[in-house]
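Everything below belongs to coords-v6.cif, which stores mmCIF, N, CA and C atoms.
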```cif
data_data
loop_
_atom_site.label_atom_id
_atom_site.label_comp_id
_atom_site.auth_asym_id
_atom_site.auth_seq_id
_atom_site.Cartn_x
_atom_site.Cartn_y
_atom_site.Cartn_z
N MET R 1 24.88 -16.97 -20.81
CA MET R 1 25.02 -16.85 -19.37
C MET R 1 23.72 -16.34 -18.76
N LYS R 2 23.23 -17.03 -17.77
CA LYS R 2 21.97 -16.67 -17.13
C LYS R 2 22.25 -15.68 -16.00
N THR R 3 21.47 -14.58 -15.98
CA THR R 3 21.64 -13.60 -14.91
C THR R 3 20.50 -13.75 -13.92
N GLU R 4 20.82 -13.58 -12.67
CA GLU R 4 19.83 -13.69 -11.60
C GLU R 4 19.16 -12.34 -11.41
N MET R 5 17.84 -12.35 -11.36
CA MET R 5 17.08 -11.12 -11.13
C MET R 5 17.20 -10.76 -9.65
N ALA R 6 17.42 -9.47 -9.39
CA ALA R 6 17.51 -9.00 -8.01
C ALA R 6 16.10 -8.73 -7.47
N THR R 7 15.44 -9.77 -7.05
CA THR R 7 14.10 -9.65 -6.50
C THR R 7 14.15 -9.99 -5.02
N PRO R 8 13.61 -9.11 -4.19
CA PRO R 8 13.66 -9.39 -2.76
C PRO R 8 12.83 -10.62 -2.41
N LYS R 9 13.32 -11.36 -1.42
CA LYS R 9 12.58 -12.51 -0.91
C LYS R 9 12.16 -12.17 0.50
N PHE R 10 10.90 -12.39 0.78
CA PHE R 10 10.36 -12.05 2.09
C PHE R 10 9.90 -13.33 2.78
N HIS R 11 10.52 -13.62 3.90
CA HIS R 11 10.12 -14.79 4.66
C HIS R 11 8.86 -14.49 5.46
N LYS R 12 8.73 -13.24 5.89
CA LYS R 12 7.56 -12.80 6.65
C LYS R 12 7.04 -11.51 6.01
N PHE R 13 5.73 -11.33 6.04
CA PHE R 13 5.20 -10.09 5.46
C PHE R 13 5.68 -8.87 6.22
N GLU R 14 6.05 -9.05 7.49
CA GLU R 14 6.56 -7.93 8.28
C GLU R 14 7.88 -7.39 7.74
N ASP R 15 8.56 -8.17 6.90
CA ASP R 15 9.83 -7.74 6.30
C ASP R 15 9.62 -6.82 5.10
N ILE R 16 8.41 -6.75 4.60
CA ILE R 16 8.12 -5.98 3.39
C ILE R 16 8.00 -4.50 3.75
N ILE R 17 8.85 -3.68 3.15
CA ILE R 17 8.86 -2.24 3.46
C ILE R 17 7.50 -1.61 3.18
N ALA R 18 6.85 -2.01 2.11
CA ALA R 18 5.53 -1.45 1.79
C ALA R 18 4.54 -1.75 2.92
N TRP R 19 4.61 -2.93 3.49
CA TRP R 19 3.72 -3.28 4.61
C TRP R 19 4.03 -2.39 5.82
N GLN R 20 5.33 -2.20 6.10
CA GLN R 20 5.73 -1.36 7.24
C GLN R 20 5.23 0.07 7.07
N LYS R 21 5.41 0.62 5.87
CA LYS R 21 4.96 1.99 5.60
C LYS R 21 3.44 2.10 5.65
N ALA R 22 2.75 1.07 5.17
CA ALA R 22 1.29 1.08 5.21
C ALA R 22 0.79 1.03 6.65
N GLN R 23 1.46 0.26 7.48
CA GLN R 23 1.10 0.21 8.90
C GLN R 23 1.30 1.59 9.55
N ASP R 24 2.44 2.21 9.26
CA ASP R 24 2.72 3.55 9.80
C ASP R 24 1.65 4.54 9.36
N LEU R 25 1.26 4.45 8.10
CA LEU R 25 0.24 5.36 7.56
C LEU R 25 -1.10 5.12 8.25
N ALA R 26 -1.46 3.88 8.49
CA ALA R 26 -2.72 3.58 9.18
C ALA R 26 -2.72 4.15 10.60
N VAL R 27 -1.59 4.08 11.27
CA VAL R 27 -1.49 4.66 12.62
C VAL R 27 -1.73 6.17 12.56
N ILE R 28 -1.13 6.83 11.58
CA ILE R 28 -1.32 8.27 11.42
C ILE R 28 -2.79 8.59 11.17
N ILE R 29 -3.43 7.82 10.30
CA ILE R 29 -4.85 8.05 10.00
C ILE R 29 -5.69 7.88 11.27
N TYR R 30 -5.42 6.86 12.04
CA TYR R 30 -6.17 6.66 13.29
C TYR R 30 -5.93 7.79 14.27
N GLN R 31 -4.69 8.30 14.33
CA GLN R 31 -4.40 9.42 15.22
C GLN R 31 -5.15 10.68 14.78
N LEU R 32 -5.25 10.88 13.47
CA LEU R 32 -5.92 12.07 12.95
C LEU R 32 -7.44 11.99 13.04
N PHE R 33 -8.00 10.81 12.83
CA PHE R 33 -9.45 10.69 12.70
C PHE R 33 -10.12 9.86 13.80
N GLY R 34 -9.34 9.36 14.74
CA GLY R 34 -9.89 8.51 15.80
C GLY R 34 -11.01 9.16 16.60
N LYS R 35 -10.96 10.46 16.76
CA LYS R 35 -11.98 11.16 17.54
C LYS R 35 -12.95 11.95 16.67
N CYS R 36 -12.88 11.74 15.37
CA CYS R 36 -13.76 12.44 14.43
C CYS R 36 -15.21 12.05 14.72
N LYS R 37 -16.08 13.05 14.79
CA LYS R 37 -17.50 12.80 15.10
C LYS R 37 -18.29 12.37 13.87
N ASP R 38 -17.72 12.56 12.69
CA ASP R 38 -18.35 12.09 11.46
C ASP R 38 -18.00 10.60 11.35
N TYR R 39 -18.83 9.78 11.97
CA TYR R 39 -18.50 8.36 12.12
C TYR R 39 -18.42 7.62 10.79
N GLU R 40 -19.25 7.98 9.84
CA GLU R 40 -19.19 7.31 8.53
C GLU R 40 -17.87 7.62 7.83
N PHE R 41 -17.46 8.89 7.86
CA PHE R 41 -16.20 9.27 7.22
C PHE R 41 -15.03 8.61 7.95
N LYS R 42 -15.05 8.68 9.28
CA LYS R 42 -13.98 8.07 10.08
C LYS R 42 -13.87 6.58 9.77
N ASP R 43 -15.00 5.89 9.72
CA ASP R 43 -15.01 4.47 9.43
C ASP R 43 -14.41 4.19 8.05
N GLU R 44 -14.82 4.98 7.07
CA GLU R 44 -14.35 4.79 5.69
C GLU R 44 -12.84 5.00 5.57
N ILE R 45 -12.35 6.10 6.12
CA ILE R 45 -10.93 6.42 5.95
C ILE R 45 -10.05 5.47 6.79
N CYS R 46 -10.52 5.10 7.97
CA CYS R 46 -9.75 4.17 8.79
C CYS R 46 -9.72 2.77 8.18
N LYS R 47 -10.86 2.28 7.72
CA LYS R 47 -10.90 0.96 7.07
C LYS R 47 -10.02 0.93 5.82
N THR R 48 -10.07 2.00 5.05
CA THR R 48 -9.25 2.07 3.83
C THR R 48 -7.77 2.03 4.18
N SER R 49 -7.37 2.78 5.20
CA SER R 49 -5.95 2.81 5.58
C SER R 49 -5.48 1.44 6.07
N VAL R 50 -6.31 0.76 6.82
CA VAL R 50 -5.95 -0.57 7.34
C VAL R 50 -5.90 -1.60 6.21
N SER R 51 -6.75 -1.43 5.22
CA SER R 51 -6.82 -2.43 4.14
C SER R 51 -5.52 -2.54 3.35
N ILE R 52 -4.76 -1.47 3.28
CA ILE R 52 -3.53 -1.49 2.47
C ILE R 52 -2.54 -2.51 3.02
N SER R 53 -2.20 -2.38 4.30
CA SER R 53 -1.24 -3.34 4.88
C SER R 53 -1.84 -4.74 4.96
N SER R 54 -3.14 -4.82 5.19
CA SER R 54 -3.80 -6.14 5.25
C SER R 54 -3.72 -6.86 3.91
N LEU R 55 -3.91 -6.11 2.83
CA LEU R 55 -3.82 -6.70 1.49
C LEU R 55 -2.40 -7.17 1.19
N ILE R 56 -1.41 -6.40 1.60
CA ILE R 56 -0.02 -6.79 1.38
C ILE R 56 0.27 -8.09 2.12
N ALA R 57 -0.17 -8.17 3.37
CA ALA R 57 0.03 -9.39 4.16
C ALA R 57 -0.70 -10.58 3.53
N ASP R 58 -1.93 -10.35 3.10
CA ASP R 58 -2.72 -11.40 2.46
C ASP R 58 -2.04 -11.90 1.19
N GLY R 59 -1.57 -10.97 0.37
CA GLY R 59 -0.89 -11.36 -0.87
C GLY R 59 0.36 -12.16 -0.61
N HIS R 60 1.12 -11.75 0.39
CA HIS R 60 2.33 -12.48 0.75
C HIS R 60 1.98 -13.90 1.17
N GLY R 61 0.89 -14.05 1.86
CA GLY R 61 0.47 -15.36 2.34
C GLY R 61 0.04 -16.31 1.23
N GLN R 62 -0.20 -15.80 0.04
CA GLN R 62 -0.63 -16.65 -1.07
C GLN R 62 0.50 -17.55 -1.56
N LYS R 63 1.73 -17.14 -1.38
CA LYS R 63 2.91 -17.91 -1.82
C LYS R 63 2.89 -18.18 -3.32
N ASN R 64 2.24 -17.33 -4.05
CA ASN R 64 2.16 -17.44 -5.50
C ASN R 64 2.35 -16.03 -6.04
N GLN R 65 3.35 -15.83 -6.89
CA GLN R 65 3.69 -14.49 -7.35
C GLN R 65 2.55 -13.81 -8.10
N LYS R 66 1.84 -14.56 -8.91
CA LYS R 66 0.75 -13.97 -9.68
C LYS R 66 -0.35 -13.45 -8.75
N GLU R 67 -0.72 -14.25 -7.77
CA GLU R 67 -1.74 -13.82 -6.81
C GLU R 67 -1.24 -12.68 -5.94
N PHE R 68 0.04 -12.73 -5.56
CA PHE R 68 0.63 -11.65 -4.78
C PHE R 68 0.56 -10.35 -5.58
N LEU R 69 0.89 -10.42 -6.84
CA LEU R 69 0.84 -9.24 -7.71
C LEU R 69 -0.58 -8.69 -7.81
N GLN R 70 -1.55 -9.56 -7.98
CA GLN R 70 -2.95 -9.11 -8.05
C GLN R 70 -3.37 -8.42 -6.76
N THR R 71 -2.95 -8.97 -5.63
CA THR R 71 -3.30 -8.37 -4.35
C THR R 71 -2.58 -7.04 -4.17
N LEU R 72 -1.35 -6.93 -4.64
CA LEU R 72 -0.64 -5.65 -4.58
C LEU R 72 -1.33 -4.60 -5.44
N ASN R 73 -1.88 -5.01 -6.58
CA ASN R 73 -2.66 -4.07 -7.40
C ASN R 73 -3.87 -3.55 -6.63
N THR R 74 -4.52 -4.43 -5.89
CA THR R 74 -5.66 -4.01 -5.07
C THR R 74 -5.20 -3.08 -3.95
N ALA R 75 -4.05 -3.36 -3.35
CA ALA R 75 -3.49 -2.49 -2.32
C ALA R 75 -3.17 -1.11 -2.89
N SER R 76 -2.66 -1.07 -4.12
CA SER R 76 -2.40 0.22 -4.77
C SER R 76 -3.69 0.99 -4.98
N GLY R 77 -4.74 0.29 -5.35
CA GLY R 77 -6.04 0.93 -5.50
C GLY R 77 -6.54 1.49 -4.18
N ALA R 78 -6.34 0.75 -3.10
CA ALA R 78 -6.74 1.24 -1.78
C ALA R 78 -5.93 2.47 -1.39
N CYS R 79 -4.67 2.50 -1.77
CA CYS R 79 -3.83 3.67 -1.49
C CYS R 79 -4.37 4.89 -2.24
N SER R 80 -4.77 4.71 -3.48
CA SER R 80 -5.37 5.80 -4.26
C SER R 80 -6.69 6.25 -3.63
N ARG R 81 -7.46 5.29 -3.16
CA ARG R 81 -8.73 5.61 -2.49
C ARG R 81 -8.46 6.44 -1.24
N LEU R 82 -7.42 6.07 -0.49
CA LEU R 82 -7.06 6.82 0.71
C LEU R 82 -6.66 8.25 0.34
N GLU R 83 -5.89 8.40 -0.72
CA GLU R 83 -5.52 9.74 -1.18
C GLU R 83 -6.76 10.57 -1.49
N SER R 84 -7.72 9.97 -2.16
CA SER R 84 -8.95 10.67 -2.49
C SER R 84 -9.69 11.10 -1.22
N LEU R 85 -9.76 10.22 -0.24
CA LEU R 85 -10.41 10.56 1.02
C LEU R 85 -9.67 11.67 1.76
N LEU R 86 -8.35 11.68 1.66
CA LEU R 86 -7.57 12.74 2.29
C LEU R 86 -7.81 14.09 1.62
N HIS R 87 -7.94 14.08 0.29
CA HIS R 87 -8.28 15.32 -0.41
C HIS R 87 -9.63 15.84 0.07
N LEU R 88 -10.58 14.94 0.21
CA LEU R 88 -11.90 15.32 0.69
C LEU R 88 -11.83 15.84 2.13
N ALA R 89 -11.04 15.18 2.97
CA ALA R 89 -10.88 15.62 4.36
C ALA R 89 -10.37 17.05 4.42
N PHE R 90 -9.47 17.40 3.54
CA PHE R 90 -8.98 18.78 3.49
C PHE R 90 -10.09 19.73 3.02
N LYS R 91 -10.80 19.34 1.97
CA LYS R 91 -11.84 20.21 1.41
C LYS R 91 -12.98 20.46 2.39
N ILE R 92 -13.29 19.48 3.23
CA ILE R 92 -14.36 19.68 4.20
C ILE R 92 -13.81 20.10 5.57
N GLN R 93 -12.56 20.49 5.56
CA GLN R 93 -11.86 21.10 6.69
C GLN R 93 -11.70 20.18 7.90
N TYR R 94 -11.51 18.89 7.64
CA TYR R 94 -11.14 17.96 8.71
C TYR R 94 -9.63 17.97 8.92
N LEU R 95 -8.90 18.44 7.91
CA LEU R 95 -7.44 18.55 7.99
C LEU R 95 -7.01 19.93 7.55
N ASP R 96 -5.97 20.45 8.20
CA ASP R 96 -5.39 21.70 7.72
C ASP R 96 -4.46 21.38 6.54
N GLU R 97 -4.04 22.42 5.84
CA GLU R 97 -3.26 22.22 4.61
C GLU R 97 -1.94 21.51 4.87
N GLN R 98 -1.25 21.91 5.93
CA GLN R 98 0.06 21.30 6.21
C GLN R 98 -0.08 19.81 6.52
N THR R 99 -1.01 19.47 7.37
CA THR R 99 -1.23 18.06 7.72
C THR R 99 -1.65 17.27 6.50
N SER R 100 -2.57 17.84 5.73
CA SER R 100 -3.03 17.18 4.51
C SER R 100 -1.87 16.89 3.58
N ASN R 101 -1.03 17.88 3.36
CA ASN R 101 0.12 17.70 2.46
C ASN R 101 1.08 16.63 2.97
N GLN R 102 1.31 16.60 4.27
CA GLN R 102 2.22 15.61 4.84
C GLN R 102 1.69 14.19 4.67
N VAL R 103 0.40 14.01 4.96
CA VAL R 103 -0.17 12.67 4.86
C VAL R 103 -0.30 12.25 3.40
N LEU R 104 -0.64 13.19 2.54
CA LEU R 104 -0.70 12.88 1.10
C LEU R 104 0.67 12.48 0.58
N GLN R 105 1.72 13.12 1.08
CA GLN R 105 3.08 12.76 0.67
C GLN R 105 3.41 11.34 1.12
N SER R 106 2.97 10.98 2.32
CA SER R 106 3.18 9.60 2.80
C SER R 106 2.46 8.60 1.90
N CYS R 107 1.25 8.95 1.48
CA CYS R 107 0.50 8.08 0.54
C CYS R 107 1.24 7.96 -0.78
N ASN R 108 1.73 9.07 -1.27
CA ASN R 108 2.46 9.07 -2.53
C ASN R 108 3.72 8.23 -2.44
N ASP R 109 4.43 8.37 -1.32
CA ASP R 109 5.64 7.56 -1.11
C ASP R 109 5.30 6.07 -1.08
N LEU R 110 4.22 5.73 -0.41
CA LEU R 110 3.78 4.34 -0.35
C LEU R 110 3.41 3.83 -1.74
N SER R 111 2.74 4.65 -2.52
CA SER R 111 2.38 4.27 -3.89
C SER R 111 3.62 3.94 -4.71
N LYS R 112 4.66 4.74 -4.55
CA LYS R 112 5.91 4.50 -5.27
C LYS R 112 6.57 3.19 -4.84
N ILE R 113 6.54 2.92 -3.54
CA ILE R 113 7.11 1.68 -3.04
C ILE R 113 6.34 0.48 -3.58
N LEU R 114 5.02 0.58 -3.57
CA LEU R 114 4.18 -0.50 -4.12
C LEU R 114 4.46 -0.70 -5.61
N PHE R 115 4.61 0.40 -6.34
CA PHE R 115 4.91 0.32 -7.77
C PHE R 115 6.22 -0.43 -7.99
N GLY R 116 7.25 -0.09 -7.21
CA GLY R 116 8.54 -0.75 -7.33
C GLY R 116 8.47 -2.23 -7.00
N LEU R 117 7.71 -2.57 -5.97
CA LEU R 117 7.55 -3.97 -5.60
C LEU R 117 6.82 -4.74 -6.70
N LYS R 118 5.77 -4.15 -7.24
CA LYS R 118 5.03 -4.81 -8.34
C LYS R 118 5.92 -5.00 -9.56
N LYS R 119 6.72 -3.98 -9.87
CA LYS R 119 7.62 -4.07 -11.02
C LYS R 119 8.64 -5.18 -10.82
N SER R 120 9.17 -5.28 -9.62
CA SER R 120 10.14 -6.32 -9.31
C SER R 120 9.53 -7.71 -9.47
N ILE R 121 8.31 -7.88 -9.00
CA ILE R 121 7.64 -9.18 -9.12
C ILE R 121 7.35 -9.50 -10.58
N LYS R 122 6.90 -8.49 -11.34
CA LYS R 122 6.62 -8.70 -12.77
C LYS R 122 7.89 -9.12 -13.50
N ASN R 123 9.01 -8.45 -13.20
CA ASN R 123 10.28 -8.79 -13.84
C ASN R 123 10.69 -10.22 -13.52
N LYS R 124 10.51 -10.61 -12.27
CA LYS R 124 10.87 -11.97 -11.88
C LYS R 124 9.98 -12.99 -12.59
N MET R 125 8.69 -12.70 -12.68
CA MET R 125 7.77 -13.61 -13.37
C MET R 125 8.13 -13.72 -14.84
N GLN R 126 8.50 -12.60 -15.45
CA GLN R 126 8.87 -12.61 -16.87
C GLN R 126 10.16 -13.41 -17.07
N ALA R 127 11.12 -13.23 -16.18
CA ALA R 127 12.38 -13.98 -16.29
C ALA R 127 12.14 -15.47 -16.14
N GLN R 128 11.25 -15.85 -15.23
CA GLN R 128 10.94 -17.28 -15.05
C GLN R 128 10.24 -17.84 -16.28
N THR R 129 9.38 -17.04 -16.90
CA THR R 129 8.69 -17.47 -18.11
C THR R 129 9.69 -17.68 -19.24
N GLU R 130 10.65 -16.76 -19.37
CA GLU R 130 11.66 -16.86 -20.43
C GLU R 130 12.57 -18.06 -20.22
N GLU R 131 12.82 -18.42 -18.96
CA GLU R 131 13.67 -19.58 -18.67
C GLU R 131 12.99 -20.88 -19.09
N THR R 132 11.67 -20.91 -19.03
CA THR R 132 10.96 -22.15 -19.36
C THR R 132 10.71 -22.29 -20.85
N VAL R 133 10.94 -21.23 -21.61
CA VAL R 133 10.69 -21.28 -23.06
C VAL R 133 11.86 -21.88 -23.78
#
```
Please lay out the structure from this file as structure tokens.
Amino acid sequence: MKTEMATPKFHKFEDIIAWQKAQDLAVIIYQLFGKCKDYEFKDEICKTSVSISSLIADGHGQKNQKEFLQTLNTASGACSRLESLLHLAFKIQYLDEQTSNQVLQSCNDLSKILFGLKKSIKNKMQAQTEETV
């Protein structure tokens, strides 16, 4: 008996929870750093935050699970990069401890969502491979 894998299907990238959370996180980053006078740091942290949701959308647009998975791996890397920049922002006193902890928690939550999505896609790819064998 063949069992169907419970893998979400997304007709639009806007339906992907990871994309929604990444967009929310980018808005928070822009609110926190939009007026930062350290333009190089502001540019780096804002671009990194935007890249996460952009990568998710780009991967969805590939319509190929393997390429989508590769792009999600890159989005996960960007999320880690953002976490690193947030740690630095706290150390150089651009963020207070409470704000830093809250935004870092949002990054961590997004990382978990991305991990779950990647795992789901890997499982579906493996099941499809087993069906063809």
So what do you get for atom C of Ala57 (chain R) versus CA of Gly116 (chain R), distance-wise? 17.3 Å
Could you check which residues have any atom within 12 Å of (-4.8, -2.6, -7.0), counting only C-alpha atoms with coordinates taken straight from the file, and then list them as a PyMOL selection string? chain R and resi 51-52+55-56+59+67-81+111+114-115+118
Take the residues from that selection and put them in a file with N, CA and C atoms, as a compact mmCIF listing (two decimals), in the frame of the given file.
```
# COMPACT_ATOMS: atom_id res chain seq x y z
N SER R 51 -6.75 -1.43 5.22
CA SER R 51 -6.82 -2.43 4.14
C SER R 51 -5.52 -2.54 3.35
N ILE R 52 -4.76 -1.47 3.28
CA ILE R 52 -3.53 -1.49 2.47
C ILE R 52 -2.54 -2.51 3.02
N LEU R 55 -3.91 -6.11 2.83
CA LEU R 55 -3.82 -6.70 1.49
C LEU R 55 -2.40 -7.17 1.19
N ILE R 56 -1.41 -6.40 1.60
CA ILE R 56 -0.02 -6.79 1.38
C ILE R 56 0.27 -8.09 2.12
N GLY R 59 -1.57 -10.97 0.37
CA GLY R 59 -0.89 -11.36 -0.87
C GLY R 59 0.36 -12.16 -0.61
N GLU R 67 -0.72 -14.25 -7.77
CA GLU R 67 -1.74 -13.82 -6.81
C GLU R 67 -1.24 -12.68 -5.94
N PHE R 68 0.04 -12.73 -5.56
CA PHE R 68 0.63 -11.65 -4.78
C PHE R 68 0.56 -10.35 -5.58
N LEU R 69 0.89 -10.42 -6.84
CA LEU R 69 0.84 -9.24 -7.71
C LEU R 69 -0.58 -8.69 -7.81
N GLN R 70 -1.55 -9.56 -7.98
CA GLN R 70 -2.95 -9.11 -8.05
C GLN R 70 -3.37 -8.42 -6.76
N THR R 71 -2.95 -8.97 -5.63
CA THR R 71 -3.30 -8.37 -4.35
C THR R 71 -2.58 -7.04 -4.17
N LEU R 72 -1.35 -6.93 -4.64
CA LEU R 72 -0.64 -5.65 -4.58
C LEU R 72 -1.33 -4.60 -5.44
N ASN R 73 -1.88 -5.01 -6.58
CA ASN R 73 -2.66 -4.07 -7.40
C ASN R 73 -3.87 -3.55 -6.63
N THR R 74 -4.52 -4.43 -5.89
CA THR R 74 -5.66 -4.01 -5.07
C THR R 74 -5.20 -3.08 -3.95
N ALA R 75 -4.05 -3.36 -3.35
CA ALA R 75 -3.49 -2.49 -2.32
C ALA R 75 -3.17 -1.11 -2.89
N SER R 76 -2.66 -1.07 -4.12
CA SER R 76 -2.40 0.22 -4.77
C SER R 76 -3.69 0.99 -4.98
N GLY R 77 -4.74 0.29 -5.35
CA GLY R 77 -6.04 0.93 -5.50
C GLY R 77 -6.54 1.49 -4.18
N ALA R 78 -6.34 0.75 -3.10
CA ALA R 78 -6.74 1.24 -1.78
C ALA R 78 -5.93 2.47 -1.39
N CYS R 79 -4.67 2.50 -1.77
CA CYS R 79 -3.83 3.67 -1.49
C CYS R 79 -4.37 4.89 -2.24
N SER R 80 -4.77 4.71 -3.48
CA SER R 80 -5.37 5.80 -4.26
C SER R 80 -6.69 6.25 -3.63
N ARG R 81 -7.46 5.29 -3.16
CA ARG R 81 -8.73 5.61 -2.49
C ARG R 81 -8.46 6.44 -1.24
N SER R 111 2.74 4.65 -2.52
CA SER R 111 2.38 4.27 -3.89
C SER R 111 3.62 3.94 -4.71
N LEU R 114 5.02 0.58 -3.57
CA LEU R 114 4.18 -0.50 -4.12
C LEU R 114 4.46 -0.70 -5.61
N PHE R 115 4.61 0.40 -6.34
CA PHE R 115 4.91 0.32 -7.77
C PHE R 115 6.22 -0.43 -7.99
N LYS R 118 5.77 -4.15 -7.24
CA LYS R 118 5.03 -4.81 -8.34
C LYS R 118 5.92 -5.00 -9.56
```
Give me, please, the distance in Å between atom C of Leu110 (chain R) and atom C of Asp24 (chain R), quoted to one decimal.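 Going from atom C of Leu110 (chain R) over to atom C of Asp24 (chain R) covers 11.3 Å.
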Which of these residues is nearest to Ala26 (chain R), using all atoms listed in the file: R:Leu117, R:Ile45, R:Ile92, R:Leu86?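 Ranking R:Leu117, R:Ile45, R:Ile92, R:Leu86 by distance to Ala26 (chain R), first place goes to R:Ile45.
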Pull the helix (DSSP H, G or I) assignments for region 2-132 of chain R out of DSSP run on the backbone, and list those residues as a ChimeraX atom specification. /R:13-15,17-33,39-61,65-91,97-132
Taking 6 positions as the minimum chain separation for residues in the same chain, which residues sit within 6 Å of Ser53 (chain R) when counting only C-alpha atoms? Answer as a ChimeraX atom specification. /R:19,22-23
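Take the candidates R:Met125, R:Cys46, R:Leu82, R:Ile17 and check each one against Gln105 (chain R) using only C-alpha atoms; the shortest distance goes to R:Leu82.
Distance-wise, atom N of Asp15 (chain R) and atom C of Lys124 (chain R) end up 20.1 Å apart.
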If we count only N, CA and C atoms and set the cut-off at 8 Å, which residues sit around region 27-41 of chain R, ignoring sequence neighbours fewer than 6 positions away in its own chain? Please answer as a list of chain:residue names.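 Returned residues: R:Lys21, R:Lys47, R:Ser49, R:Val50, R:Tyr94, R:Val103.
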Quick one: what's the axis-aligned box for region 90-101 of chain R, all listed atoms, 8 Å on every side, centre and edges in Å to one decimal, as AutoDock Vina command-line options?
```
--center_x -6.6 --center_y 19.5 --center_z 5.2 --size_x 31.4 --size_y 21.8 --size_z 23.5
```
Which of these residues is nearest to Phe13 (chain R), using all atoms listed in the file: R:Leu25, R:His60, R:Lys112, R:Cys107? R:His60
Extract region 13-27 of chain R from the structure I just pasted (atoms: N, CA and C atoms) and return it as a compact mmCIF listing (two decimals), in the first residue's frame.
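Everything below was put into decode_25.txt:
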```txt
# COMPACT_ATOMS: atom_id res chain seq x y z
N PHE R 13 4.05 31.90 -3.77
CA PHE R 13 5.05 31.97 -2.71
C PHE R 13 4.52 32.70 -1.48
N GLU R 14 3.52 33.57 -1.68
CA GLU R 14 2.93 34.29 -0.56
C GLU R 14 2.23 33.36 0.43
N ASP R 15 1.93 32.13 0.00
CA ASP R 15 1.29 31.15 0.88
C ASP R 15 2.28 30.46 1.81
N ILE R 16 3.56 30.62 1.55
CA ILE R 16 4.58 29.92 2.33
C ILE R 16 4.81 30.66 3.64
N ILE R 17 4.60 29.98 4.75
CA ILE R 17 4.73 30.60 6.07
C ILE R 17 6.14 31.16 6.28
N ALA R 18 7.14 30.44 5.82
CA ALA R 18 8.52 30.93 5.96
C ALA R 18 8.70 32.27 5.24
N TRP R 19 8.10 32.42 4.08
CA TRP R 19 8.17 33.69 3.35
C TRP R 19 7.49 34.79 4.15
N GLN R 20 6.31 34.49 4.70
CA GLN R 20 5.56 35.48 5.48
C GLN R 20 6.37 35.94 6.70
N LYS R 21 6.96 34.97 7.41
CA LYS R 21 7.76 35.31 8.59
C LYS R 21 9.02 36.08 8.21
N ALA R 22 9.62 35.73 7.08
CA ALA R 22 10.82 36.44 6.62
C ALA R 22 10.48 37.88 6.25
N GLN R 23 9.32 38.08 5.64
CA GLN R 23 8.88 39.44 5.32
C GLN R 23 8.67 40.25 6.61
N ASP R 24 8.01 39.63 7.58
CA ASP R 24 7.79 40.31 8.87
C ASP R 24 9.11 40.68 9.53
N LEU R 25 10.07 39.77 9.46
CA LEU R 25 11.38 40.02 10.05
C LEU R 25 12.09 41.17 9.33
N ALA R 26 12.00 41.22 8.02
CA ALA R 26 12.63 42.31 7.26
C ALA R 26 12.02 43.66 7.64
N VAL R 27 10.71 43.69 7.86
CA VAL R 27 10.06 44.93 8.28
C VAL R 27 10.61 45.38 9.63
```
